[in-house]
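Enquirer: Quick one: structure below, then a few questions.
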Amino acid sequence: MARELIVAIDGPSASGKSSAGTLVARRLGYLYVESGAFYRALGWKVRACGVDPADDAALQKLSETTVIDVVRTSNGAKILVDQRDVTDDLRTPEMSRIAAQIASNPLVREPMLKIQRAMANTGGVVMEGRDIGTVVFPQADVKFYLDADPGVRGKRRYQELAAKGLPVDLQTTIEEIMARDRKDMNRTVAPLRKADDAIAIDSTGLTLDEVVDRMVVAVERRRTAITR
Ligand code: DC
């Protein structure tokens, strides 16, 4: 029987990783995991407890005691923090900022690494994030690095937030995305970078379907090569 693959997707904020990853996983019949949701979920807890995100001791305690679950439903994944559904609260600009801040802390990344690796131990997974192809699964079967022009990414994120009724401004959204990219790329632990063997896709001039088609073709090619 064919072995099921591990597909890693990395890239900066709003580069289309979640939208493309979800559709690629659906077409392959694979599990889709958005690793950023774990950092956002812990960020939610940090805020709910009034903890200073720069307080190492408090952060370590929270990351060891907080129970984060991903529950599949017919409407997509629900993220539970200590059994409370926080899915709808995780995509705000404030949560993005806190998540990027705590994600640069090795005390937070270590437990996350274990959770993420455990979720893919049988293969058949599409996981997206910032360090999936470089740190979480350096042996992933297929790696992608998605990117797009910052203006295009900012517009996508702006439209996503505006559709949720959040009070956002396009220029501020672009600036926040670029600030977060700098933070993700310049941190010492697991910085965002393209793995040498990742397939780079710039989605600036592509539709979502075109991106997904390219990715599925690459995975199918690899699947065939492995089973031969
Ligand atoms: O993908 P996202 O926007 O939901 O991620 C939120 C933050 O979490 C992002 O700024 C950096 C961090 N993150 C990370 O450091 N490593 C990952 N694998 C995924 C996310």
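How things are named: the first chain in the structure tokens is A, the next is B, and so on; residues count from 1 in each chain; ligands count from 1 in the order shown.
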May I ask you to write as a list in words all residues lying at most 7 Å from ligand 1, with only C-alpha atoms and all ligand atoms counted?

Expert: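 I would give the residues around ligand 1 as Ser13, Glu34, Ser35, Gly36, Ala37, Tyr39, Arg40, Ser96, Arg97, Ala99, Ala100, Ala103, Ser104, Glu128, Gly129, Arg130, Asp131, Ile132, Arg180 and Asp184 of chain A.
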
Enquirer: Write out the residues from the selection above, keeping N, CA and C atoms, as a PDB file, in the first residue's frame.

Expert:
```pdb
ATOM      1  N   SER A  13       3.048  35.816   6.622  1.00  0.00           N
ATOM      2  CA  SER A  13       1.630  36.034   6.918  1.00  0.00           C
ATOM      3  C   SER A  13       0.829  36.354   5.664  1.00  0.00           C
ATOM      4  N   GLU A  34      -3.048  23.671  10.964  1.00  0.00           N
ATOM      5  CA  GLU A  34      -2.567  25.055  10.906  1.00  0.00           C
ATOM      6  C   GLU A  34      -1.776  25.286  12.202  1.00  0.00           C
ATOM      7  N   SER A  35      -0.458  25.191  12.120  1.00  0.00           N
ATOM      8  CA  SER A  35       0.315  25.215  13.372  1.00  0.00           C
ATOM      9  C   SER A  35       0.255  26.569  14.081  1.00  0.00           C
ATOM     10  N   GLY A  36       0.026  27.668  13.334  1.00  0.00           N
ATOM     11  CA  GLY A  36      -0.076  28.983  13.957  1.00  0.00           C
ATOM     12  C   GLY A  36      -1.210  29.048  14.977  1.00  0.00           C
ATOM     13  N   ALA A  37      -2.237  28.198  14.772  1.00  0.00           N
ATOM     14  CA  ALA A  37      -3.386  28.212  15.695  1.00  0.00           C
ATOM     15  C   ALA A  37      -2.945  27.855  17.112  1.00  0.00           C
ATOM     16  N   TYR A  39      -0.021  28.636  18.507  1.00  0.00           N
ATOM     17  CA  TYR A  39       0.607  29.837  19.091  1.00  0.00           C
ATOM     18  C   TYR A  39      -0.458  30.882  19.409  1.00  0.00           C
ATOM     19  N   ARG A  40      -1.451  30.995  18.542  1.00  0.00           N
ATOM     20  CA  ARG A  40      -2.539  31.943  18.800  1.00  0.00           C
ATOM     21  C   ARG A  40      -3.338  31.510  20.026  1.00  0.00           C
ATOM     22  N   SER A  96      -2.624  38.126  16.710  1.00  0.00           N
ATOM     23  CA  SER A  96      -1.491  37.936  15.790  1.00  0.00           C
ATOM     24  C   SER A  96      -0.223  38.488  16.427  1.00  0.00           C
ATOM     25  N   ARG A  97      -0.347  39.656  17.052  1.00  0.00           N
ATOM     26  CA  ARG A  97       0.838  40.280  17.679  1.00  0.00           C
ATOM     27  C   ARG A  97       1.347  39.441  18.848  1.00  0.00           C
ATOM     28  N   ALA A  99       0.816  36.265  19.425  1.00  0.00           N
ATOM     29  CA  ALA A  99       1.319  34.965  18.940  1.00  0.00           C
ATOM     30  C   ALA A  99       2.743  35.117  18.410  1.00  0.00           C
ATOM     31  N   ALA A 100       2.995  36.170  17.625  1.00  0.00           N
ATOM     32  CA  ALA A 100       4.335  36.364  17.057  1.00  0.00           C
ATOM     33  C   ALA A 100       5.345  36.627  18.169  1.00  0.00           C
ATOM     34  N   ALA A 103       5.929  33.306  20.118  1.00  0.00           N
ATOM     35  CA  ALA A 103       6.521  32.276  19.254  1.00  0.00           C
ATOM     36  C   ALA A 103       8.029  32.421  19.141  1.00  0.00           C
ATOM     37  N   SER A 104       8.569  33.579  19.535  1.00  0.00           N
ATOM     38  CA  SER A 104      10.017  33.743  19.430  1.00  0.00           C
ATOM     39  C   SER A 104      10.710  33.179  20.669  1.00  0.00           C
ATOM     40  N   GLU A 128       0.892  23.561   7.956  1.00  0.00           N
ATOM     41  CA  GLU A 128       1.460  24.849   7.532  1.00  0.00           C
ATOM     42  C   GLU A 128       1.900  25.683   8.722  1.00  0.00           C
ATOM     43  N   GLY A 129       2.901  26.551   8.479  1.00  0.00           N
ATOM     44  CA  GLY A 129       3.399  27.400   9.551  1.00  0.00           C
ATOM     45  C   GLY A 129       4.581  28.223   9.090  1.00  0.00           C
ATOM     46  N   ARG A 130       5.581  28.309   9.956  1.00  0.00           N
ATOM     47  CA  ARG A 130       6.770  29.100   9.619  1.00  0.00           C
ATOM     48  C   ARG A 130       8.040  28.238   9.585  1.00  0.00           C
ATOM     49  N   ASP A 131       8.009  27.117  10.329  1.00  0.00           N
ATOM     50  CA  ASP A 131       9.220  26.300  10.477  1.00  0.00           C
ATOM     51  C   ASP A 131       8.925  24.828  10.211  1.00  0.00           C
ATOM     52  N   ILE A 132       7.888  24.547   9.441  1.00  0.00           N
ATOM     53  CA  ILE A 132       7.475  23.140   9.275  1.00  0.00           C
ATOM     54  C   ILE A 132       8.510  22.371   8.437  1.00  0.00           C
ATOM     55  N   ARG A 180       5.343  41.813  11.412  1.00  0.00           N
ATOM     56  CA  ARG A 180       5.290  40.437  11.893  1.00  0.00           C
ATOM     57  C   ARG A 180       6.257  39.558  11.091  1.00  0.00           C
ATOM     58  N   ASP A 184       9.155  37.273  12.600  1.00  0.00           N
ATOM     59  CA  ASP A 184       9.232  35.826  12.331  1.00  0.00           C
ATOM     60  C   ASP A 184      10.547  35.444  11.644  1.00  0.00           C
TER      61      ASP A 184
END
```

Enquirer: So that each row is one residue of segment 86-128 of chain A with an atom at most 12 Å from segment 208-223 of chain A, can you give its shortest atom pair and the distance in Å to one decimal, using only C-alpha atoms, rows by chain and rising number, as JSON lines?

Expert:
```
{"residue": "A:Gly124", "atom": "CA", "partner": "A:Arg223", "partner_atom": "CA", "distance": 11.1}
{"residue": "A:Val125", "atom": "CA", "partner": "A:Val219", "partner_atom": "CA", "distance": 11.6}
{"residue": "A:Val126", "atom": "CA", "partner": "A:Val219", "partner_atom": "CA", "distance": 10.5}
```

Enquirer: When you count only C-alpha atoms, which of these residues is closest to Gly76 of chain A: A:Gln171, A:Ser19, A:Asn186, A:Thr204?

Expert: A:Ser19

Enquirer: Using only C-alpha atoms, determine which residues lie at most 12 Å from Asp82 of chain A, disregarding the query and same-chain residues fewer than 4 positions distant; provide the list as JSON, numbers by chain.

Expert: {"A": [41, 42, 44, 45, 48, 62, 63, 65, 66, 67, 68, 69, 70, 86]}

Enquirer: Mind checking which residues fall within 10 Å of Thr122 of chain A, counting only C-alpha atoms, ignoring those fewer than 4 positions away in the same chain, and posting them as a list in words?

Expert: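 Here the answer would be Arg3, Glu4, Leu5, Ile6, Arg117 and Ala118 of chain A.
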
Enquirer: Generate the output file for the selected residues, all heavy atoms, as an mmCIF file, in the first residue's frame.

Expert:
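Contents of the output file again_38.cif:
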```cif
data_model
loop_
_atom_site.group_PDB
_atom_site.id
_atom_site.type_symbol
_atom_site.label_atom_id
_atom_site.label_comp_id
_atom_site.auth_asym_id
_atom_site.auth_seq_id
_atom_site.Cartn_x
_atom_site.Cartn_y
_atom_site.Cartn_z
ATOM 1 N N ARG A 3 2.524 4.653 0.901
ATOM 2 C CA ARG A 3 2.736 5.368 2.157
ATOM 3 C C ARG A 3 2.142 6.765 2.019
ATOM 4 O O ARG A 3 2.257 7.397 0.972
ATOM 5 C CB ARG A 3 4.250 5.446 2.388
ATOM 6 C CG ARG A 3 4.662 6.277 3.573
ATOM 7 C CD ARG A 3 6.137 6.093 3.839
ATOM 8 N NE ARG A 3 7.022 6.800 2.905
ATOM 9 C CZ ARG A 3 7.294 8.100 2.958
ATOM 10 N NH1 ARG A 3 6.742 8.863 3.870
ATOM 11 N NH2 ARG A 3 8.129 8.652 2.088
ATOM 12 N N GLU A 4 1.480 7.232 3.075
ATOM 13 C CA GLU A 4 0.928 8.577 2.996
ATOM 14 C C GLU A 4 1.994 9.599 3.378
ATOM 15 O O GLU A 4 2.853 9.334 4.219
ATOM 16 C CB GLU A 4 -0.318 8.699 3.866
ATOM 17 C CG GLU A 4 -1.493 7.866 3.366
ATOM 18 C CD GLU A 4 -1.856 8.112 1.887
ATOM 19 O OE1 GLU A 4 -1.432 9.131 1.315
ATOM 20 O OE2 GLU A 4 -2.541 7.261 1.303
ATOM 21 N N LEU A 5 1.941 10.754 2.767
ATOM 22 C CA LEU A 5 3.051 11.702 2.854
ATOM 23 C C LEU A 5 2.865 12.772 3.922
ATOM 24 O O LEU A 5 1.763 13.008 4.407
ATOM 25 C CB LEU A 5 3.233 12.407 1.502
ATOM 26 C CG LEU A 5 3.268 11.539 0.252
ATOM 27 C CD1 LEU A 5 3.651 12.399 -0.946
ATOM 28 C CD2 LEU A 5 4.234 10.385 0.384
ATOM 29 N N ILE A 6 3.967 13.438 4.235
ATOM 30 C CA ILE A 6 3.916 14.641 5.057
ATOM 31 C C ILE A 6 4.208 15.811 4.123
ATOM 32 O O ILE A 6 5.238 15.832 3.437
ATOM 33 C CB ILE A 6 4.949 14.599 6.201
ATOM 34 C CG1 ILE A 6 4.566 13.499 7.197
ATOM 35 C CG2 ILE A 6 5.034 15.960 6.901
ATOM 36 C CD1 ILE A 6 5.527 13.356 8.374
ATOM 37 N N ARG A 117 4.688 17.304 15.995
ATOM 38 C CA ARG A 117 5.252 16.050 15.459
ATOM 39 C C ARG A 117 4.304 14.883 15.740
ATOM 40 O O ARG A 117 4.119 14.012 14.899
ATOM 41 C CB ARG A 117 6.625 15.788 16.064
ATOM 42 C CG ARG A 117 7.664 16.705 15.450
ATOM 43 C CD ARG A 117 9.061 16.346 15.883
ATOM 44 N NE ARG A 117 10.027 17.202 15.184
ATOM 45 C CZ ARG A 117 11.199 17.540 15.683
ATOM 46 N NH1 ARG A 117 11.581 17.105 16.872
ATOM 47 N NH2 ARG A 117 12.006 18.314 14.986
ATOM 48 N N ALA A 118 3.689 14.900 16.924
ATOM 49 C CA ALA A 118 2.785 13.803 17.286
ATOM 50 C C ALA A 118 1.578 13.757 16.345
ATOM 51 O O ALA A 118 1.055 12.691 16.039
ATOM 52 C CB ALA A 118 2.312 13.963 18.727
#
```

Enquirer: Determine which residues of segment 16-181 of chain A DSSP labels as helix (DSSP H, G or I) from the backbone of this structure, then write them out as a VMD selection string.

Expert: chain A and resid 17 to 28 36 to 48 56 to 65 87 to 89 93 to 102 106 to 119 132 to 136 150 to 163 170 to 181

Enquirer: Counting only C-alpha atoms, figure out which residue out of A:Ile226, A:Ala25, A:Met127, A:Ile199 gets nearest to Phe144 of chain A.

Expert: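 Closest residue, counting only C-alpha atoms: A:Ile199.
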
Enquirer: Taking only C-alpha atoms into account, name the residue in A:Arg72, A:Arg182, A:Lys61, A:Arg91 that is nearest to Val33 of chain A.

Expert: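 For Val33 of chain A, the nearest of the candidates is A:Arg72.
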
Enquirer: Just asking: which residues within segment 114-210 of chain A are strand (DSSP E or B) according to DSSP, as a list in words?

Expert: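 Answer for segment 114-210 of chain A, restricted to strand (DSSP E or B): Val125, Val126, Met127, Glu128, Gly129, Val142, Lys143, Phe144, Tyr145, Leu146, Asp147, Ile199, Ala200, Ile201 and Asp202 of chain A.
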
Enquirer: Identify, on the basis of only C-alpha atoms, every residue whose closest approach to segment 172-178 of chain A does not exceed 9 Å; exclude the query and any residue fewer than 5 positions from it along the same chain; express the result as a list of chain:residue names.

Expert: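 Close residues of segment 172-178 of chain A: A:Pro12, A:Ser13, A:Ala14, A:Pro93, A:Arg97, A:Pro150, A:Gly151, A:Val152, A:Arg153, A:Gly154, A:Lys155, A:Arg157, A:Tyr158, A:Lys183.
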
Enquirer: A:Thr92, A:Ile201, A:Gly123, A:Thr207: which is nearest Tyr30 of chain A, counting only C-alpha atoms?

Expert: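 Of all the options, A:Gly123 lies closest to Tyr30 of chain A.
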
Enquirer: List as a list of chain:residue names the protein and nucleic acid residues near Ala57 of chain A, meaning an atom at most 12 Å away when only C-alpha atoms are counted, but skip any in the same chain fewer than 5 places from it.

Expert: A:Val51, A:Asp52, A:Leu62, A:Ser63, A:Glu64, A:Asn105, A:Leu107, A:Val108
